[in-house]
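*Asks:* Take a look at the following structure, please.
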Amino acid sequence: MSQEVRVRFAPSPTGPFHIGGARSALFNYLVAKHTGGKFVVRIEDTDRKRSTSESEENIKEALKWLGINWDEGIDVGGPDGPYRQTERLEIYKKYTEKLLAEGKAYYCFCTPEELEAEKEEQLKKGETPVYSGKCSHLPKETVEQYLKEGRPYVIRIATPKNETLEVDDLVRGHVTFDSNKVGDFVIVKSDGIPVYNYCVVIDDALMHITHVIRAEEHLSNTPRQIVLYHALGFDVPKFAHVSLILGADKKKMSKRHGATSVQQYRDAGYLPDALVNFLGLLGWTPNSDQEIFSRDELIQQFTLDRVAKNPAVFDIEKLNWINFHYMKQLDADQLLAVCLPHLQQAGYASQNPDAAEMQWLKDMVWAMREHVQYGAQIVDAAKVFFTDDFAPENEETAAVLQEETAPAVLTMFHDELAALDEVTADTVQPLFKKIQKGLKVKGKFVYMPIRVAVTGVMHGPDLNVIVALMGREKVLARLQQSGLLTK
C-alpha cells in the first residue's frame, strides 16, 4: 500500500474492559503490524457521567497485559494529540463554528416536549422519526435574539436530502443508507459537549486514520459519520465492521454467559498469549486448520479479507483447550506463579511462604499440571491435599473399594509405608510391585484401591508422587479412615 495504514482503538472508559473491546483492539493492532502501519489508542470520554479514570486505567492495564501496545496515543503521546476527547473540546468548537458559518449546521431551540410530540406524530404515520428541520429555517435575526435571551439550544448538522450514502465495507461489502432517514441530527448537546459521532469523525480525520475497524453495532453510526466527513471536507476512511460475539446459546454475549471482561479472565489465571490466540480466531479464519498461533504468526497471517460476516461464538471450552496448550509450555516456576494467587486465596498457601513451603507448592503444582487448564483450576485439583472432607466421587469409584482384594492391599500398603525410612516418590514406587508379588494381584487391583482410599478419585498424577506430596501421616490416616484395614 502506498499510503501508511493508520488504525485506532477508541474505547469509552465507562466500565470493565469487555472481551469484545479487546477483540476490536487486537484486530486493529494486527492490521497495523501486518502492514507496517501505526496503531493509535485514544479515549472517548465525553460521556462525563459514566466515564471514570479507574475504567481508563483498567483498559490500559488490560491492553498492556495482552501485549497490545500502541504506537501513538494516551501515555505514549504523538503528533496528533491530545488523545482524550475532553482535552480536545477547543478543537471541536473550532469546527463547529466553521460549520455554522458555512450554513452546514444550525442552532435548534426546540424543547424536549416539542421534539417528543413531533416524534409521536411521525410514528403514528408509520414514518421513521427524524427531526423536521424547522429550526433550520429560522431567520438570522431570530437566532440572534434567542441566543441573546439565553434560550437553551443544541446544534444540528444540515443533512443533505434525497441522497444515497454509500460505504464499501471491508467485511460487510457494499452498504447504502437513505439520507432522508438520517435527518438533521445533533452534533453539540445543550450542555455544550459535542456528541460521539461528531468527535469521532474529527478525531479520525485529524489523526489521519485510514481504516476504521470496529464492532458491527457501530454500522448504524456510519451514515451520520459519512455526512459529517463530507460537511467537514475530510476524506472518508475505509470501514470494516466486525461481527458480534455471541454466547454458546447464539445470543449476544453478556454476564449470563460467564466472564465478559478481560480482568475476569486475567483474575481466573488465563495466560495473555492464550487469550490473544483465542481472540484472534473469534471471527477471523486462517487459510489452514492451524489453531495455535504465536503473536508473530497472527501478525503475519491476519488480513481483513478473512474476517467473517457471521457472528463469532465464544466457546469457553476452546479457550480452555488453547490456554491448556500454553500452560504446558510453562516451567515449574512459571506454573507456580500462575497458580499461587489462587492457592493463597483459597487458604491453601501462606501469604508469604518460606522456602520449604514454596518448594512443596512448586512440586505439587507441577504434579497436577495435566489437570489444570487455567490458574484457578488448581484449587479443585489441589483440594485433596488440604482437606479431609473427601469421599469416593461416584458409585463407580466407591465400587473399587468393594473389590475382594482391597482390604489386603490397603493393609499391606499401610504397613510398608509406615516402615519406610523416608517417604519420597522414589521410595514409594517399589511398594506397589512388592504388593503385587506378595498378594499375587494385578497392578490395577493395587493402584486403584490405594488411589481411591487416599484421594477419592480414580484418576490423577502418578500415585507415588501423590503419596510423597501428601506425606506419610496423612496417607496412613486416610488408609485408616477407609475402614478396610484388616488389623
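The chains in the C-alpha cells are called A, B, ... from first to last as shown; in each chain the residues are counted from 1, and the ligands are counted from 1 in the order shown.
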Asp331 (chain A): which residues within 12 Å, counting only C-alpha atoms, same-chain residues fewer than 2 positions away excluded, as a list in words?
*Replies:*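 These residues fall inside the cut-off: Tyr326, Met327, Lys328, Gln329, Asp333, Gln334, Leu335, Leu336, Ala337, Val338, Lys362, Asp363, Val365, Trp366 and Arg369 of chain A.
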*Asks:* Identify, on the basis of only C-alpha atoms, every residue whose closest approach to region 455-471 of chain A does not exceed 8 Å; exclude the query and any residue fewer than 5 positions from it along the same chain; express the result as a ChimeraX atom specification.
*Replies:* /A:360,363-364,367-368,370-371,384-385,390-393,397,423-426,428-429,447-448
*Asks:* Residues as selected, N, CA, C and O atoms, written as a JSON list (two decimals), in the first residue's frame, can you do that?
*Replies:*
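Listed below is the output, part20.json:
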[["chain", "number", "residue", "atom", "x", "y", "z"],
["A", 360, "TRP", "N", 7.48, -27.16, 48.23],
["A", 360, "TRP", "CA", 6.39, -28.14, 48.23],
["A", 360, "TRP", "C", 5.28, -27.71, 47.28],
["A", 360, "TRP", "O", 4.75, -28.53, 46.51],
["A", 363, "ASP", "N", 6.34, -28.36, 43.71],
["A", 363, "ASP", "CA", 6.28, -29.78, 43.38],
["A", 363, "ASP", "C", 4.82, -30.23, 43.18],
["A", 363, "ASP", "O", 4.51, -31.01, 42.28],
["A", 364, "MET", "N", 3.94, -29.73, 44.07],
["A", 364, "MET", "CA", 2.52, -30.11, 43.98],
["A", 364, "MET", "C", 1.89, -29.60, 42.70],
["A", 364, "MET", "O", 1.21, -30.34, 41.98],
["A", 367, "ALA", "N", 3.04, -31.51, 39.74],
["A", 367, "ALA", "CA", 2.42, -32.84, 39.68],
["A", 367, "ALA", "C", 1.00, -32.77, 39.12],
["A", 367, "ALA", "O", 0.55, -33.70, 38.43],
["A", 368, "MET", "N", 0.30, -31.66, 39.38],
["A", 368, "MET", "CA", -1.10, -31.53, 38.97],
["A", 368, "MET", "C", -1.25, -30.87, 37.60],
["A", 368, "MET", "O", -2.36, -30.58, 37.17],
["A", 370, "GLU", "N", -1.25, -31.61, 34.52],
["A", 370, "GLU", "CA", -2.09, -32.17, 33.46],
["A", 370, "GLU", "C", -3.58, -32.01, 33.77],
["A", 370, "GLU", "O", -4.43, -32.36, 32.96],
["A", 371, "HIS", "N", -3.88, -31.48, 34.94],
["A", 371, "HIS", "CA", -5.28, -31.36, 35.37],
["A", 371, "HIS", "C", -5.68, -29.90, 35.59],
["A", 371, "HIS", "O", -6.70, -29.62, 36.19],
["A", 384, "VAL", "N", -7.51, -32.09, 47.39],
["A", 384, "VAL", "CA", -7.28, -33.37, 48.06],
["A", 384, "VAL", "C", -6.14, -33.30, 49.09],
["A", 384, "VAL", "O", -6.13, -34.02, 50.07],
["A", 385, "PHE", "N", -5.19, -32.37, 48.87],
["A", 385, "PHE", "CA", -4.05, -32.26, 49.79],
["A", 385, "PHE", "C", -4.39, -31.47, 51.05],
["A", 385, "PHE", "O", -3.67, -31.54, 52.04],
["A", 390, "PHE", "N", -13.34, -35.65, 52.07],
["A", 390, "PHE", "CA", -13.35, -36.25, 50.74],
["A", 390, "PHE", "C", -13.95, -37.64, 50.85],
["A", 390, "PHE", "O", -13.94, -38.26, 51.91],
["A", 391, "ALA", "N", -14.46, -38.09, 49.75],
["A", 391, "ALA", "CA", -15.06, -39.43, 49.69],
["A", 391, "ALA", "C", -15.04, -39.86, 48.23],
["A", 391, "ALA", "O", -14.84, -39.03, 47.34],
["A", 392, "PRO", "N", -15.22, -41.14, 47.96],
["A", 392, "PRO", "CA", -15.30, -41.57, 46.55],
["A", 392, "PRO", "C", -16.28, -40.70, 45.76],
["A", 392, "PRO", "O", -17.40, -40.45, 46.23],
["A", 393, "GLU", "N", -15.85, -40.20, 44.58],
["A", 393, "GLU", "CA", -16.62, -39.19, 43.87],
["A", 393, "GLU", "C", -17.93, -39.72, 43.27],
["A", 393, "GLU", "O", -18.83, -38.94, 42.98],
["A", 397, "THR", "N", -16.48, -45.25, 41.50],
["A", 397, "THR", "CA", -15.26, -45.10, 42.30],
["A", 397, "THR", "C", -15.39, -45.86, 43.62],
["A", 397, "THR", "O", -14.45, -46.56, 44.04],
["A", 423, "VAL", "N", 9.93, -41.08, 53.07],
["A", 423, "VAL", "CA", 8.85, -41.17, 52.08],
["A", 423, "VAL", "C", 9.12, -40.16, 50.96],
["A", 423, "VAL", "O", 9.01, -38.95, 51.13],
["A", 424, "THR", "N", 9.51, -40.70, 49.80],
["A", 424, "THR", "CA", 9.68, -39.89, 48.59],
["A", 424, "THR", "C", 9.01, -40.63, 47.44],
["A", 424, "THR", "O", 8.65, -41.81, 47.58],
["A", 425, "ALA", "N", 8.87, -39.96, 46.31],
["A", 425, "ALA", "CA", 8.29, -40.63, 45.14],
["A", 425, "ALA", "C", 9.09, -41.86, 44.77],
["A", 425, "ALA", "O", 8.53, -42.90, 44.38],
["A", 426, "ASP", "N", 10.40, -41.77, 44.91],
["A", 426, "ASP", "CA", 11.28, -42.89, 44.53],
["A", 426, "ASP", "C", 11.18, -44.05, 45.52],
["A", 426, "ASP", "O", 11.28, -45.22, 45.12],
["A", 428, "VAL", "N", 8.52, -44.74, 47.40],
["A", 428, "VAL", "CA", 7.16, -45.28, 47.42],
["A", 428, "VAL", "C", 6.91, -46.20, 46.22],
["A", 428, "VAL", "O", 6.23, -47.23, 46.33],
["A", 429, "GLN", "N", 7.48, -45.86, 45.08],
["A", 429, "GLN", "CA", 7.18, -46.58, 43.84],
["A", 429, "GLN", "C", 7.40, -48.09, 43.95],
["A", 429, "GLN", "O", 6.53, -48.88, 43.51],
["A", 447, "TYR", "N", -3.10, -50.35, 42.52],
["A", 447, "TYR", "CA", -3.11, -48.89, 42.36],
["A", 447, "TYR", "C", -4.48, -48.27, 42.66],
["A", 447, "TYR", "O", -4.59, -47.27, 43.36],
["A", 448, "MET", "N", -5.53, -48.88, 42.11],
["A", 448, "MET", "CA", -6.85, -48.25, 42.18],
["A", 448, "MET", "C", -7.39, -48.14, 43.61],
["A", 448, "MET", "O", -7.83, -47.05, 44.02]]
*Asks:* Which of these residues is nearest to Arg84 (chain A), using only C-alpha atoms: A:Arg42, A:Lys49, A:Lys251, A:Lys487?
*Replies:* A:Arg42
*Asks:* For Ala408 (chain A), which of A:Thr486, A:Gln480, A:Asn221, A:Gln264 is the closest residue, counting only C-alpha atoms?
*Replies:*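 Under the stated criterion, the closest residue is A:Thr486.
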*Asks:* Take CA of Val31 (chain A) and CA of Ser55 (chain A) and report the distance between them in Å, one decimal.
*Replies:*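 About the pair CA of Val31 (chain A) and CA of Ser55 (chain A): they are 25.6 Å apart.
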*Asks:* Here is a test: counting only C-alpha atoms, which residue of A:Leu219, A:Ile155, A:Ile91, A:Gly280 is nearest to Ile299 (chain A)?
*Replies:*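 Answer, going by the shortest atom-to-atom distance: A:Gly280.
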*Asks:* Would you mind writing down, as a ChimeraX atom specification, each residue of region 78-206 of chain A that DSSP on the backbone assigns to strand (DSSP E)?
*Replies:* /A:105-108,154-157,164-169,173-178,186-188
*Asks:* Tell me which protein, DNA and RNA residues are within 9 Å of Val212 (chain A), counting only C-alpha atoms, leaving out same-chain ones fewer than 5 positions away, and put them as a PyMOL selection string.
*Replies:* chain A and resi 6-9+28+204+237-241
*Asks:* From the list A:Gln373, A:Ser12, A:Ser220, A:Ser51, which residue is nearest Leu319 (chain A) when using only C-alpha atoms?
*Replies:*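 That would be A:Gln373, the residue with the smallest distance to Leu319 (chain A).
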*Asks:* Given only C-alpha atoms as the basis, pick out the residue of A:Val5, A:Ala32, A:Ala215, A:Ala349 nearest to Leu298 (chain A).
*Replies:*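 Among the listed residues, A:Ala32 lies closest to Leu298 (chain A).
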*Asks:* Could you check which of A:Lys98, A:Arg214, A:Lys309, A:Lys318 is closest to Gly233 (chain A), using only C-alpha atoms?
*Replies:*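 Selected residue with least distance to Gly233 (chain A): A:Lys98.
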*Asks:* From a DSSP calculation on the backbone, collect every residue of region 82-143 of chain A in alpha helix (DSSP H) and output the set as a VMD selection string.
*Replies:* chain A and resid 89 to 101 112 to 124 140 to 143
*Asks:* Would you save the residues from that selection as a PDB file, in the first residue's frame, using N, CA and C atoms?
*Replies:*
ATOM      1  N   LEU A  89     -11.811  19.712  23.369  1.00  0.00           N
ATOM      2  CA  LEU A  89     -13.056  20.459  23.184  1.00  0.00           C
ATOM      3  C   LEU A  89     -12.865  21.725  22.353  1.00  0.00           C
ATOM      4  N   GLU A  90     -11.721  22.384  22.506  1.00  0.00           N
ATOM      5  CA  GLU A  90     -11.456  23.595  21.712  1.00  0.00           C
ATOM      6  C   GLU A  90     -11.336  23.268  20.225  1.00  0.00           C
ATOM      7  N   ILE A  91     -10.796  22.096  19.933  1.00  0.00           N
ATOM      8  CA  ILE A  91     -10.675  21.671  18.519  1.00  0.00           C
ATOM      9  C   ILE A  91     -12.065  21.488  17.926  1.00  0.00           C
ATOM     10  N   TYR A  92     -12.956  20.792  18.660  1.00  0.00           N
ATOM     11  CA  TYR A  92     -14.314  20.568  18.156  1.00  0.00           C
ATOM     12  C   TYR A  92     -15.047  21.899  17.992  1.00  0.00           C
ATOM     13  N   LYS A  93     -14.837  22.814  18.935  1.00  0.00           N
ATOM     14  CA  LYS A  93     -15.515  24.121  18.895  1.00  0.00           C
ATOM     15  C   LYS A  93     -15.142  24.879  17.624  1.00  0.00           C
ATOM     16  N   LYS A  94     -13.883  24.791  17.250  1.00  0.00           N
ATOM     17  CA  LYS A  94     -13.419  25.489  16.036  1.00  0.00           C
ATOM     18  C   LYS A  94     -14.155  24.968  14.803  1.00  0.00           C
ATOM     19  N   TYR A  95     -14.325  23.664  14.727  1.00  0.00           N
ATOM     20  CA  TYR A  95     -15.011  23.089  13.562  1.00  0.00           C
ATOM     21  C   TYR A  95     -16.514  23.369  13.612  1.00  0.00           C
ATOM     22  N   THR A  96     -17.072  23.432  14.809  1.00  0.00           N
ATOM     23  CA  THR A  96     -18.498  23.766  14.934  1.00  0.00           C
ATOM     24  C   THR A  96     -18.753  25.181  14.425  1.00  0.00           C
ATOM     25  N   GLU A  97     -17.906  26.107  14.817  1.00  0.00           N
ATOM     26  CA  GLU A  97     -18.044  27.491  14.354  1.00  0.00           C
ATOM     27  C   GLU A  97     -17.924  27.570  12.836  1.00  0.00           C
ATOM     28  N   LYS A  98     -17.042  26.757  12.276  1.00  0.00           N
ATOM     29  CA  LYS A  98     -16.858  26.736  10.820  1.00  0.00           C
ATOM     30  C   LYS A  98     -18.123  26.223  10.133  1.00  0.00           C
ATOM     31  N   LEU A  99     -18.699  25.148  10.661  1.00  0.00           N
ATOM     32  CA  LEU A  99     -19.925  24.585  10.075  1.00  0.00           C
ATOM     33  C   LEU A  99     -21.086  25.575  10.171  1.00  0.00           C
ATOM     34  N   LEU A 100     -21.191  26.258  11.304  1.00  0.00           N
ATOM     35  CA  LEU A 100     -22.248  27.258  11.460  1.00  0.00           C
ATOM     36  C   LEU A 100     -22.072  28.404  10.477  1.00  0.00           C
ATOM     37  N   ALA A 101     -20.831  28.862  10.325  1.00  0.00           N
ATOM     38  CA  ALA A 101     -20.553  29.986   9.410  1.00  0.00           C
ATOM     39  C   ALA A 101     -20.848  29.606   7.959  1.00  0.00           C
ATOM     40  N   PRO A 112     -37.664  19.757  24.529  1.00  0.00           N
ATOM     41  CA  PRO A 112     -37.856  18.296  24.546  1.00  0.00           C
ATOM     42  C   PRO A 112     -39.312  17.909  24.296  1.00  0.00           C
ATOM     43  N   GLU A 113     -40.243  18.710  24.804  1.00  0.00           N
ATOM     44  CA  GLU A 113     -41.666  18.416  24.621  1.00  0.00           C
ATOM     45  C   GLU A 113     -42.054  18.530  23.149  1.00  0.00           C
ATOM     46  N   GLU A 114     -41.550  19.550  22.484  1.00  0.00           N
ATOM     47  CA  GLU A 114     -41.846  19.727  21.055  1.00  0.00           C
ATOM     48  C   GLU A 114     -41.278  18.566  20.229  1.00  0.00           C
ATOM     49  N   LEU A 115     -40.066  18.171  20.574  1.00  0.00           N
ATOM     50  CA  LEU A 115     -39.426  17.074  19.836  1.00  0.00           C
ATOM     51  C   LEU A 115     -40.173  15.766  20.046  1.00  0.00           C
ATOM     52  N   GLU A 116     -40.629  15.520  21.263  1.00  0.00           N
ATOM     53  CA  GLU A 116     -41.363  14.299  21.563  1.00  0.00           C
ATOM     54  C   GLU A 116     -42.690  14.271  20.812  1.00  0.00           C
ATOM     55  N   ALA A 117     -43.386  15.412  20.769  1.00  0.00           N
ATOM     56  CA  ALA A 117     -44.663  15.492  20.052  1.00  0.00           C
ATOM     57  C   ALA A 117     -44.461  15.239  18.562  1.00  0.00           C
ATOM     58  N   GLU A 118     -43.376  15.797  18.013  1.00  0.00           N
ATOM     59  CA  GLU A 118     -43.065  15.604  16.597  1.00  0.00           C
ATOM     60  C   GLU A 118     -42.779  14.129  16.305  1.00  0.00           C
ATOM     61  N   LYS A 119     -42.039  13.486  17.217  1.00  0.00           N
ATOM     62  CA  LYS A 119     -41.705  12.073  17.062  1.00  0.00           C
ATOM     63  C   LYS A 119     -42.960  11.204  17.096  1.00  0.00           C
ATOM     64  N   GLU A 120     -43.875  11.497  18.048  1.00  0.00           N
ATOM     65  CA  GLU A 120     -45.114  10.728  18.166  1.00  0.00           C
ATOM     66  C   GLU A 120     -45.958  10.846  16.901  1.00  0.00           C
ATOM     67  N   GLU A 121     -46.012  12.034  16.344  1.00  0.00           N
ATOM     68  CA  GLU A 121     -46.791  12.266  15.130  1.00  0.00           C
ATOM     69  C   GLU A 121     -46.238  11.457  13.962  1.00  0.00           C
ATOM     70  N   GLN A 122     -44.930  11.416  13.841  1.00  0.00           N
ATOM     71  CA  GLN A 122     -44.290  10.654  12.757  1.00  0.00           C
ATOM     72  C   GLN A 122     -44.528   9.151  12.927  1.00  0.00           C
ATOM     73  N   LEU A 123     -44.440   8.682  14.180  1.00  0.00           N
ATOM     74  CA  LEU A 123     -44.668   7.265  14.433  1.00  0.00           C
ATOM     75  C   LEU A 123     -46.098   6.862  14.100  1.00  0.00           C
ATOM     76  N   LYS A 124     -47.053   7.743  14.401  1.00  0.00           N
ATOM     77  CA  LYS A 124     -48.463   7.473  14.072  1.00  0.00           C
ATOM     78  C   LYS A 124     -48.651   7.290  12.573  1.00  0.00           C
ATOM     79  N   LYS A 140     -31.924  34.782  10.606  1.00  0.00           N
ATOM     80  CA  LYS A 140     -30.712  35.091  11.364  1.00  0.00           C
ATOM     81  C   LYS A 140     -31.023  35.964  12.584  1.00  0.00           C
ATOM     82  N   GLU A 141     -31.911  36.919  12.396  1.00  0.00           N
ATOM     83  CA  GLU A 141     -32.256  37.834  13.489  1.00  0.00           C
ATOM     84  C   GLU A 141     -32.913  37.081  14.645  1.00  0.00           C
ATOM     85  N   THR A 142     -33.781  36.148  14.303  1.00  0.00           N
ATOM     86  CA  THR A 142     -34.469  35.357  15.327  1.00  0.00           C
ATOM     87  C   THR A 142     -33.463  34.524  16.120  1.00  0.00           C
ATOM     88  N   VAL A 143     -32.529  33.918  15.399  1.00  0.00           N
ATOM     89  CA  VAL A 143     -31.495  33.118  16.062  1.00  0.00           C
ATOM     90  C   VAL A 143     -30.703  33.990  17.035  1.00  0.00           C
TER      91      VAL A 143
END
*Asks:* Which neighbours of Asn180 (chain A) fall inside 10 Å, counting only C-alpha atoms, when residues of the same chain fewer than 2 positions from it are skipped, and could you give them as a list in words?
*Replies:*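 Non-adjacent residues within range: Thr128, Val130, Thr159, Pro160, Lys161, Asn162, Glu163, Thr164, Phe177, Asp178, Val182, Gly183 and Asp184 of chain A.
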*Asks:* Which value, in Å to one decimal, gives the distance between CA of Asn352 (chain A) and CA of Asn58 (chain A)?
*Replies:*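 Between these atoms lies a distance of 27.0 Å.
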*Asks:* Might you pull out every residue within 12 Å of Gly81 (chain A), with only C-alpha atoms counted and same-chain residues fewer than 6 positions away left off, and present them as a VMD selection string?
*Replies:* chain A and resid 40 to 43 72 to 75 87 to 88 91 203 to 204 206 to 208
*Asks:* For Glu291 (chain A), work out the shell of residues within 10 Å, counting only C-alpha atoms and skipping chain neighbours fewer than 5 positions away, then give it as a list in words.
*Replies:*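 My list of contacting residues is Asn277, Phe278, Gly280, Leu281, Thr285, Pro286, Lys318 and Ile322 of chain A.
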*Asks:* How many Å separate CA of Val276 (chain A) from CA of Leu170 (chain A)?
*Replies:*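 CA of Leu170 (chain A) lies 22.4 Å from CA of Val276 (chain A).
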